[in-house]
file structure35.cif (mmCIF, C-alpha atoms and all ligand atoms)
data_upload
loop_
_atom_site.group_PDB
_atom_site.id
_atom_site.type_symbol
_atom_site.label_atom_id
_atom_site.label_comp_id
_atom_site.auth_asym_id
_atom_site.auth_seq_id
_atom_site.Cartn_x
_atom_site.Cartn_y
_atom_site.Cartn_z
ATOM 1 C CA MET A 1 -23.132 -22.886 5.891
ATOM 2 C CA LEU A 2 -22.691 -19.227 5.038
ATOM 3 C CA THR A 3 -25.662 -17.215 3.726
ATOM 4 C CA ILE A 4 -25.412 -13.702 2.282
ATOM 5 C CA TRP A 5 -28.537 -11.554 1.886
ATOM 6 C CA GLY A 6 -28.569 -8.535 -0.403
ATOM 7 C CA ARG A 7 -29.281 -7.462 -3.970
ATOM 8 C CA GLY A 8 -26.151 -7.831 -6.055
ATOM 9 C CA ASN A 9 -26.350 -4.333 -7.552
ATOM 10 C CA SER A 10 -25.767 -2.629 -4.200
ATOM 11 C CA THR A 11 -22.220 -1.382 -3.606
ATOM 12 C CA ASN A 12 -22.354 -2.515 0.008
ATOM 13 C CA VAL A 13 -23.476 -5.993 -1.004
ATOM 14 C CA LYS A 14 -20.848 -6.172 -3.765
ATOM 15 C CA LYS A 15 -18.054 -5.703 -1.223
ATOM 16 C CA VAL A 16 -19.258 -8.730 0.703
ATOM 17 C CA LEU A 17 -19.901 -10.965 -2.337
ATOM 18 C CA TRP A 18 -16.525 -10.013 -3.839
ATOM 19 C CA CYS A 19 -14.728 -10.797 -0.575
ATOM 20 C CA ALA A 20 -16.420 -14.198 -0.226
ATOM 21 C CA GLU A 21 -15.564 -14.995 -3.856
ATOM 22 C CA GLU A 22 -11.914 -13.975 -3.350
ATOM 23 C CA LEU A 23 -11.675 -16.293 -0.364
ATOM 24 C CA GLY A 24 -13.393 -19.169 -2.136
ATOM 25 C CA VAL A 25 -15.815 -19.629 0.758
ATOM 26 C CA PRO A 26 -18.941 -21.503 -0.368
ATOM 27 C CA PHE A 27 -22.085 -19.489 0.302
ATOM 28 C CA GLU A 28 -25.742 -19.198 -0.535
ATOM 29 C CA HIS A 29 -26.791 -15.830 -1.935
ATOM 30 C CA ILE A 30 -30.345 -14.605 -1.285
ATOM 31 C CA ASN A 31 -31.414 -11.472 -3.136
ATOM 32 C CA ALA A 32 -32.966 -8.983 -0.717
ATOM 33 C CA GLY A 33 -33.670 -5.262 -0.599
ATOM 34 C CA GLY A 34 -35.080 -2.987 -3.315
ATOM 35 C CA SER A 35 -37.602 -4.775 -5.551
ATOM 36 C CA PHE A 36 -36.678 -8.126 -3.966
ATOM 37 C CA GLY A 37 -38.274 -7.147 -0.640
ATOM 38 C CA VAL A 38 -37.382 -9.583 2.178
ATOM 39 C CA VAL A 39 -35.890 -6.814 4.369
ATOM 40 C CA ASN A 40 -39.217 -6.081 6.066
ATOM 41 C CA ASP A 41 -39.982 -9.725 6.843
ATOM 42 C CA PRO A 42 -39.973 -10.286 10.604
ATOM 43 C CA GLU A 43 -37.362 -13.064 10.204
ATOM 44 C CA TYR A 44 -35.034 -10.668 8.383
ATOM 45 C CA ARG A 45 -35.663 -7.813 10.843
ATOM 46 C CA ALA A 46 -34.779 -10.194 13.662
ATOM 47 C CA MET A 47 -31.358 -10.583 12.032
ATOM 48 C CA ASN A 48 -30.926 -6.976 10.909
ATOM 49 C CA PRO A 49 -33.236 -4.505 12.687
ATOM 50 C CA ASN A 50 -32.102 -1.781 10.235
ATOM 51 C CA GLY A 51 -33.889 -3.531 7.372
ATOM 52 C CA LEU A 52 -30.868 -2.900 5.165
ATOM 53 C CA VAL A 53 -28.573 -5.107 3.110
ATOM 54 C CA PRO A 54 -26.136 -6.806 3.325
ATOM 55 C CA CYS A 55 -26.559 -9.217 6.193
ATOM 56 C CA ILE A 56 -24.878 -12.587 6.664
ATOM 57 C CA LYS A 57 -25.378 -15.711 8.734
ATOM 58 C CA ASP A 58 -22.388 -17.969 9.224
ATOM 59 C CA GLY A 59 -23.512 -20.990 11.212
ATOM 60 C CA ASP A 60 -25.357 -19.339 14.106
ATOM 61 C CA PHE A 61 -23.499 -16.054 13.803
ATOM 62 C CA VAL A 62 -25.391 -13.103 12.276
ATOM 63 C CA LEU A 63 -23.637 -9.908 11.156
ATOM 64 C CA TRP A 64 -24.698 -6.706 9.360
ATOM 65 C CA GLU A 65 -22.654 -3.676 8.206
ATOM 66 C CA SER A 66 -20.721 -4.380 5.015
ATOM 67 C CA ASN A 67 -17.282 -3.277 6.225
ATOM 68 C CA ALA A 68 -17.623 -5.327 9.399
ATOM 69 C CA ILE A 69 -18.603 -8.333 7.276
ATOM 70 C CA VAL A 70 -15.562 -7.900 5.005
ATOM 71 C CA ARG A 71 -13.334 -7.696 8.092
ATOM 72 C CA TYR A 72 -15.006 -10.782 9.570
ATOM 73 C CA PHE A 73 -14.564 -12.831 6.383
ATOM 74 C CA ALA A 74 -10.961 -11.698 6.063
ATOM 75 C CA ALA A 75 -10.149 -12.486 9.696
ATOM 76 C CA LYS A 76 -11.928 -15.850 9.682
ATOM 77 C CA TYR A 77 -11.117 -17.122 6.204
ATOM 78 C CA GLY A 78 -8.251 -14.917 4.969
ATOM 79 C CA ASP A 79 -5.984 -14.331 7.939
ATOM 80 C CA GLY A 80 -2.565 -13.301 6.663
ATOM 81 C CA THR A 81 -3.813 -12.734 3.110
ATOM 82 C CA LEU A 82 -6.778 -10.325 2.910
ATOM 83 C CA TYR A 83 -6.389 -9.505 6.614
ATOM 84 C CA PRO A 84 -2.854 -8.215 7.262
ATOM 85 C CA ARG A 85 -1.296 -9.634 10.446
ATOM 86 C CA ASP A 86 1.029 -6.678 10.799
ATOM 87 C CA VAL A 87 -0.916 -4.234 13.000
ATOM 88 C CA PRO A 88 0.113 -0.932 11.324
ATOM 89 C CA GLU A 89 -0.488 -2.528 7.905
ATOM 90 C CA ARG A 90 -3.943 -3.673 9.019
ATOM 91 C CA ALA A 91 -4.732 -0.243 10.484
ATOM 92 C CA SER A 92 -3.713 1.431 7.212
ATOM 93 C CA ALA A 93 -6.032 -0.876 5.273
ATOM 94 C CA ASP A 94 -8.816 -0.271 7.821
ATOM 95 C CA LYS A 95 -8.395 3.452 7.301
ATOM 96 C CA TRP A 96 -9.462 3.182 3.633
ATOM 97 C CA MET A 97 -12.586 1.241 4.617
ATOM 98 C CA ASP A 98 -13.649 3.855 7.162
ATOM 99 C CA TRP A 99 -12.738 6.718 4.835
ATOM 100 C CA ALA A 100 -14.819 5.213 2.034
ATOM 101 C CA THR A 101 -17.865 5.331 4.318
ATOM 102 C CA SER A 102 -17.185 8.641 6.043
ATOM 103 C CA SER A 103 -15.941 10.681 3.049
ATOM 104 C CA VAL A 104 -16.776 9.002 -0.275
ATOM 105 C CA ALA A 105 -20.181 7.356 0.199
ATOM 106 C CA LEU A 106 -22.386 10.473 0.208
ATOM 107 C CA PRO A 107 -20.886 12.426 -2.709
ATOM 108 C CA PHE A 108 -20.533 9.180 -4.670
ATOM 109 C CA ARG A 109 -24.212 8.474 -4.116
ATOM 110 C CA ASP A 110 -25.082 11.870 -5.647
ATOM 111 C CA VAL A 111 -22.988 11.054 -8.728
ATOM 112 C CA PHE A 112 -24.311 7.511 -9.094
ATOM 113 C CA TRP A 113 -27.971 8.328 -8.606
ATOM 114 C CA ASN A 114 -27.890 11.334 -10.923
ATOM 115 C CA ILE A 115 -26.090 9.398 -13.669
ATOM 116 C CA VAL A 116 -27.517 5.896 -13.325
ATOM 117 C CA ARG A 117 -30.681 5.764 -11.245
ATOM 118 C CA PHE A 118 -32.656 9.004 -11.593
ATOM 119 C CA SER A 119 -35.109 9.710 -14.413
ATOM 120 C CA PRO A 120 -34.358 12.885 -16.436
ATOM 121 C CA GLU A 121 -36.923 14.825 -14.335
ATOM 122 C CA GLN A 122 -35.320 13.720 -11.077
ATOM 123 C CA LYS A 123 -31.772 14.671 -12.038
ATOM 124 C CA ASP A 124 -30.162 17.546 -10.123
ATOM 125 C CA MET A 125 -27.337 18.808 -12.308
ATOM 126 C CA ALA A 126 -26.009 21.251 -9.694
ATOM 127 C CA ALA A 127 -25.753 18.465 -7.114
ATOM 128 C CA LEU A 128 -24.134 16.214 -9.727
ATOM 129 C CA ASP A 129 -21.554 18.836 -10.649
ATOM 130 C CA LYS A 130 -20.686 19.462 -7.004
ATOM 131 C CA ALA A 131 -20.441 15.746 -6.187
ATOM 132 C CA LEU A 132 -18.277 15.059 -9.249
ATOM 133 C CA LYS A 133 -15.799 17.683 -8.079
ATOM 134 C CA ILE A 134 -15.755 16.278 -4.536
ATOM 135 C CA CYS A 135 -15.294 12.680 -5.744
ATOM 136 C CA GLY A 136 -12.580 13.738 -8.195
ATOM 137 C CA GLY A 137 -10.697 15.395 -5.330
ATOM 138 C CA LEU A 138 -11.130 12.371 -3.049
ATOM 139 C CA PHE A 139 -9.971 9.965 -5.730
ATOM 140 C CA LYS A 140 -6.841 12.065 -6.227
ATOM 141 C CA ILE A 141 -5.992 11.055 -2.644
ATOM 142 C CA VAL A 142 -6.497 7.410 -3.652
ATOM 143 C CA ASP A 143 -4.402 7.976 -6.768
ATOM 144 C CA ALA A 144 -1.515 9.410 -4.745
ATOM 145 C CA ALA A 145 -1.602 6.421 -2.364
ATOM 146 C CA LEU A 146 -1.605 3.980 -5.274
ATOM 147 C CA ALA A 147 1.445 5.735 -6.743
ATOM 148 C CA GLN A 148 3.345 4.317 -3.734
ATOM 149 C CA LYS A 149 2.076 0.714 -3.680
ATOM 150 C CA PRO A 150 0.020 -1.594 -5.894
ATOM 151 C CA PHE A 151 -2.978 -1.983 -3.573
ATOM 152 C CA LEU A 152 -4.635 0.179 -0.917
ATOM 153 C CA SER A 153 -3.827 -2.625 1.541
ATOM 154 C CA GLY A 154 -0.147 -2.722 0.587
ATOM 155 C CA ASP A 155 1.643 -5.175 -1.687
ATOM 156 C CA GLN A 156 -1.381 -7.389 -2.151
ATOM 157 C CA LEU A 157 -5.166 -7.135 -2.227
ATOM 158 C CA GLY A 158 -6.641 -6.798 1.270
ATOM 159 C CA ILE A 159 -9.570 -5.468 3.257
ATOM 160 C CA GLY A 160 -8.711 -1.857 2.398
ATOM 161 C CA ASP A 161 -9.333 -2.411 -1.316
ATOM 162 C CA PHE A 162 -12.924 -3.655 -1.157
ATOM 163 C CA PRO A 163 -15.023 -0.518 -0.598
ATOM 164 C CA ILE A 164 -13.188 1.785 -2.992
ATOM 165 C CA GLY A 165 -12.692 -1.119 -5.408
ATOM 166 C CA CYS A 166 -16.483 -1.307 -5.725
ATOM 167 C CA TYR A 167 -16.753 2.440 -6.295
ATOM 168 C CA ALA A 168 -13.938 2.255 -8.881
ATOM 169 C CA TYR A 169 -16.014 0.095 -11.210
ATOM 170 C CA ALA A 170 -18.874 2.607 -11.335
ATOM 171 C CA TRP A 171 -16.512 5.579 -11.407
ATOM 172 C CA PHE A 172 -14.554 4.338 -14.415
ATOM 173 C CA GLU A 173 -17.561 2.975 -16.292
ATOM 174 C CA MET A 174 -20.055 5.832 -15.859
ATOM 175 C CA PRO A 175 -20.193 8.381 -18.703
ATOM 176 C CA ILE A 176 -18.697 11.225 -16.648
ATOM 177 C CA GLU A 177 -15.717 13.552 -16.885
ATOM 178 C CA ARG A 178 -12.915 12.338 -14.633
ATOM 179 C CA PRO A 179 -9.687 14.005 -13.628
ATOM 180 C CA ALA A 180 -6.497 12.148 -14.636
ATOM 181 C CA LEU A 181 -6.061 9.319 -12.112
ATOM 182 C CA PRO A 182 -3.349 7.137 -13.686
ATOM 183 C CA HIS A 183 -2.466 5.101 -10.609
ATOM 184 C CA MET A 184 -6.062 4.529 -9.594
ATOM 185 C CA ALA A 185 -6.846 3.533 -13.203
ATOM 186 C CA ALA A 186 -3.923 1.057 -13.195
ATOM 187 C CA TRP A 187 -5.198 -0.424 -9.903
ATOM 188 C CA TYR A 188 -8.675 -0.743 -11.426
ATOM 189 C CA GLU A 189 -7.106 -2.642 -14.349
ATOM 190 C CA ARG A 190 -5.440 -4.979 -11.815
ATOM 191 C CA LEU A 191 -8.775 -5.542 -10.088
ATOM 192 C CA LYS A 192 -10.436 -6.300 -13.437
ATOM 193 C CA GLU A 193 -8.017 -9.197 -13.889
ATOM 194 C CA ARG A 194 -9.470 -10.913 -10.804
ATOM 195 C CA PRO A 195 -12.284 -13.405 -11.563
ATOM 196 C CA ALA A 196 -13.925 -12.684 -8.179
ATOM 197 C CA TYR A 197 -14.080 -8.952 -8.958
ATOM 198 C CA ARG A 198 -15.489 -9.545 -12.411
ATOM 199 C CA LYS A 199 -18.137 -11.903 -11.041
ATOM 200 C CA ALA A 200 -19.302 -9.886 -8.032
ATOM 201 C CA VAL A 201 -18.626 -6.267 -8.965
ATOM 202 C CA MET A 202 -18.662 -5.908 -12.747
ATOM 203 C CA ILE A 203 -22.353 -6.424 -13.320
ATOM 204 C CA PRO A 204 -24.527 -3.963 -15.270
ATOM 205 C CA LEU A 205 -24.827 -0.674 -13.392
ATOM 206 C CA THR A 206 -28.524 -0.183 -14.004
HETATM 207 N N1 LIG B 1 -23.721 1.077 6.433
HETATM 208 C C1 LIG B 1 -24.489 0.007 5.856
HETATM 209 C C2 LIG B 1 -25.348 0.588 4.771
HETATM 210 C C3 LIG B 1 -26.355 -0.409 4.265
HETATM 211 C C4 LIG B 1 -27.254 0.200 3.206
HETATM 212 O O1 LIG B 1 -27.532 1.424 3.207
HETATM 213 N N2 LIG B 1 -27.731 -0.636 2.304
HETATM 214 C C5 LIG B 1 -28.626 -0.177 1.256
HETATM 215 C C6 LIG B 1 -28.134 -0.710 -0.094
HETATM 216 S S1 LIG B 1 -26.536 -0.069 -0.517
HETATM 217 C C7 LIG B 1 -30.008 -0.737 1.498
HETATM 218 O O2 LIG B 1 -30.182 -1.729 2.187
HETATM 219 N N3 LIG B 1 -31.022 -0.065 0.930
HETATM 220 C C8 LIG B 1 -32.370 -0.505 1.048
HETATM 221 C C9 LIG B 1 -32.736 -1.599 0.086
HETATM 222 O O3 LIG B 1 -31.911 -1.987 -0.768
HETATM 223 O O4 LIG B 1 -33.865 -2.084 0.178
HETATM 224 C C10 LIG B 1 -23.537 -1.068 5.290
HETATM 225 O O5 LIG B 1 -22.417 -0.704 4.895
HETATM 226 O O6 LIG B 1 -23.890 -2.248 5.263
#
call {"tool": "encode", "arguments": {"input": "structure35.cif", "output": "C-alpha cells", "more": "lines below"}}
Ligand SMILES: N[C@@H](CCC(=O)N[C@@H](CS)C(=O)NCC(=O)O)C(=O)O
result
Amino acid sequence: MLTIWGRGNSTNVKKVLWCAEELGVPFEHINAGGSFGVVNDPEYRAMNPNGLVPCIKDGDFVLWESNAIVRYFAAKYGDGTLYPRDVPERASADKWMDWATSSVALPFRDVFWNIVRFSPEQKDMAALDKALKICGGLFKIVDAALAQKPFLSGDQLGIGDFPIGCYAYAWFEMPIERPALPHMAAWYERLKERPAYRKAVMIPLT
C-alpha cells in the first residue's frame, strides 16, 4: 500500500499527488505539515528527518524530496509513459525538474506569498515586483521550449511537466500582471483538460 503525507495546498505535495493520480496508483493521503502538524511527531521524523512534506511510504520503502518521489513513481509505475526510456529525452525532462527547484522556486515563493499568503502588513511590494520580473523572464524560457513541443517532457506528459505544471496553475490564476506567454498558456490549457491535474493541482490557492 502506498501512503502519501503532505498538505494538499503545498506545491511540492501537489506534484506527488498529481503524479500518483495520473498513474492511477491507489494511495492513502494523510494531511501533514502547516496547521495539520504531524511533521514533528517522532514517527514522522523517523521517516523524514527534515520534518517537511511530502514524504511517501510504498510498502517498506520510504522516500522524501518531491522531485525524487515523482521520478520514483514514474519509474516504478509509469515506465515508458511518464518516465521516458530514451536517455536524452529523460535527461531533458529531468532538466526541467531541477531547474524548477534551482531557478524558479525562490522567486516564485516571493510572488505567491506576497499575493496569496501574506496579510497586507506583511506584503513587500518591492520584493513582489522584483520576483514578478524574474518569474516572467524564467517563464519566457518555458514558453520558448513549449513553442517547439507540446509538453516539457516531449510529445507527451512526463516527469518534466510536474513541477512547473504546479507553478503554472498559481501563475495563471493569481491576480498579477504576466508577460505574453502564449505557448505556456496553451500548455496550461492542455493540463487543465487532465482529470488528475484538476483533482490534485487546481484546488483553491488560499
Ligand atoms: N525540497 C523539498 C522541499 C519540501 C518543503 O519545503 N516542503 C514545505 C511545503 S512546500 C514544508 O514542508 N513546509 C513545512 C510545513 O508545511 O509544515 C521537496 O521538494 O520535497
call {"tool": "residues_around", "arguments": {"input": "structure35.cif", "residues": "Lys199 (chain A)", "least_positions_apart": "3", "cutoff": "9 Å", "atoms": "all atoms listed in the file", "output": "tab-separated table (two decimals) with C-alpha atoms, in the frame of the given file"}}
result
chain	number	residue	atom	x	y	z
A	17	LEU	CA	-19.90	-10.96	-2.34
A	18	TRP	CA	-16.52	-10.01	-3.84
A	21	GLU	CA	-15.56	-15.00	-3.86
A	194	ARG	CA	-9.47	-10.91	-10.80
A	195	PRO	CA	-12.28	-13.40	-11.56
A	196	ALA	CA	-13.92	-12.68	-8.18
A	202	MET	CA	-18.66	-5.91	-12.75
A	203	ILE	CA	-22.35	-6.42	-13.32
call {"tool": "resolve_selection", "arguments": {"input": "structure35.cif", "expression": "the PyMOL selection byres (((chain A and resi 108) around 12) and not hetatm)", "output": "PyMOL selection string"}}
result
chain A and resi 11+100-107+109-116+127-139+163-164+166-168+170-171+174
call {"tool": "residues_around", "arguments": {"input": "structure35.cif", "residues": "Pro42 (chain A)", "least_positions_apart": "6", "cutoff": "10 Å", "atoms": "all atoms listed in the file", "output": "count of residues only"}}
result
3
call {"tool": "residues_around", "arguments": {"input": "structure35.cif", "residues": "region 27-37 of chain A", "least_positions_apart": "6", "cutoff": "10 Å", "atoms": "all atoms listed in the file", "output": "list in words"}}
result
Met1, Leu2, Thr3, Ile4, Trp5, Gly6, Arg7, Gly8, Asn9, Ser10, Val13, Leu17, Ala20, Glu21, Tyr44, Gly51, Leu52, Val53, Pro54, Cys55, Ile56, Lys57 and Asp58 of chain A
call {"tool": "axis_aligned_box", "arguments": {"input": "structure35.cif", "around": "ligand LIG 1 (chain B)", "padding_each_side": "8 Å", "output": "AutoDock Vina command-line options"}}
result
--center_x -28.1 --center_y -0.4 --center_z 2.8 --size_x 27.4 --size_y 19.7 --size_z 23.2
call {"tool": "atom_distance", "arguments": {"input": "structure35.cif", "atom1": "atom C5 of ligand LIG 1 (chain B)", "atom2": "CA of Leu82 (chain A)"}}
result
24.1 Å
call {"tool": "closest_residue", "arguments": {"input": "structure35.cif", "among": "A:Phe151, A:Tyr169, A:Trp64, A:Phe162", "to": "Ala46 (chain A)", "atoms": "only C-alpha atoms"}}
result
A:Trp64
call {"tool": "closest_residue", "arguments": {"input": "structure35.cif", "among": "A:Asp124, A:Asp41, A:Leu23, A:Asp60", "to": "Asp79 (chain A)", "atoms": "all atoms listed in the file"}}
result
A:Leu23
call {"tool": "closest_residue", "arguments": {"input": "structure35.cif", "among": "A:Met97, A:Val39, A:Ala180, A:Val142", "to": "ligand LIG 1 (chain B)", "atoms": "all atoms listed in the file"}}
result
A:Val39
call {"tool": "atom_distance", "arguments": {"input": "structure35.cif", "atom1": "atom C6 of ligand LIG 1 (chain B)", "atom2": "CA of Lys15 (chain A)"}}
result
11.3 Å
call {"tool": "closest_residue", "arguments": {"input": "structure35.cif", "among": "A:Val38, A:Ile176, A:Ile141, A:Val62", "to": "ligand LIG 1 (chain B)", "atoms": "all atoms listed in the file"}}
result
A:Val38
call {"tool": "resolve_selection", "arguments": {"input": "structure35.cif", "expression": "the PyMOL selection byres (((chain A and resi 70-74) around 9) and not hetatm)", "output": "ChimeraX atom specification"}}
result
/A:15-16,19-20,23,25,63,65-69,75-84,94,158-159,162
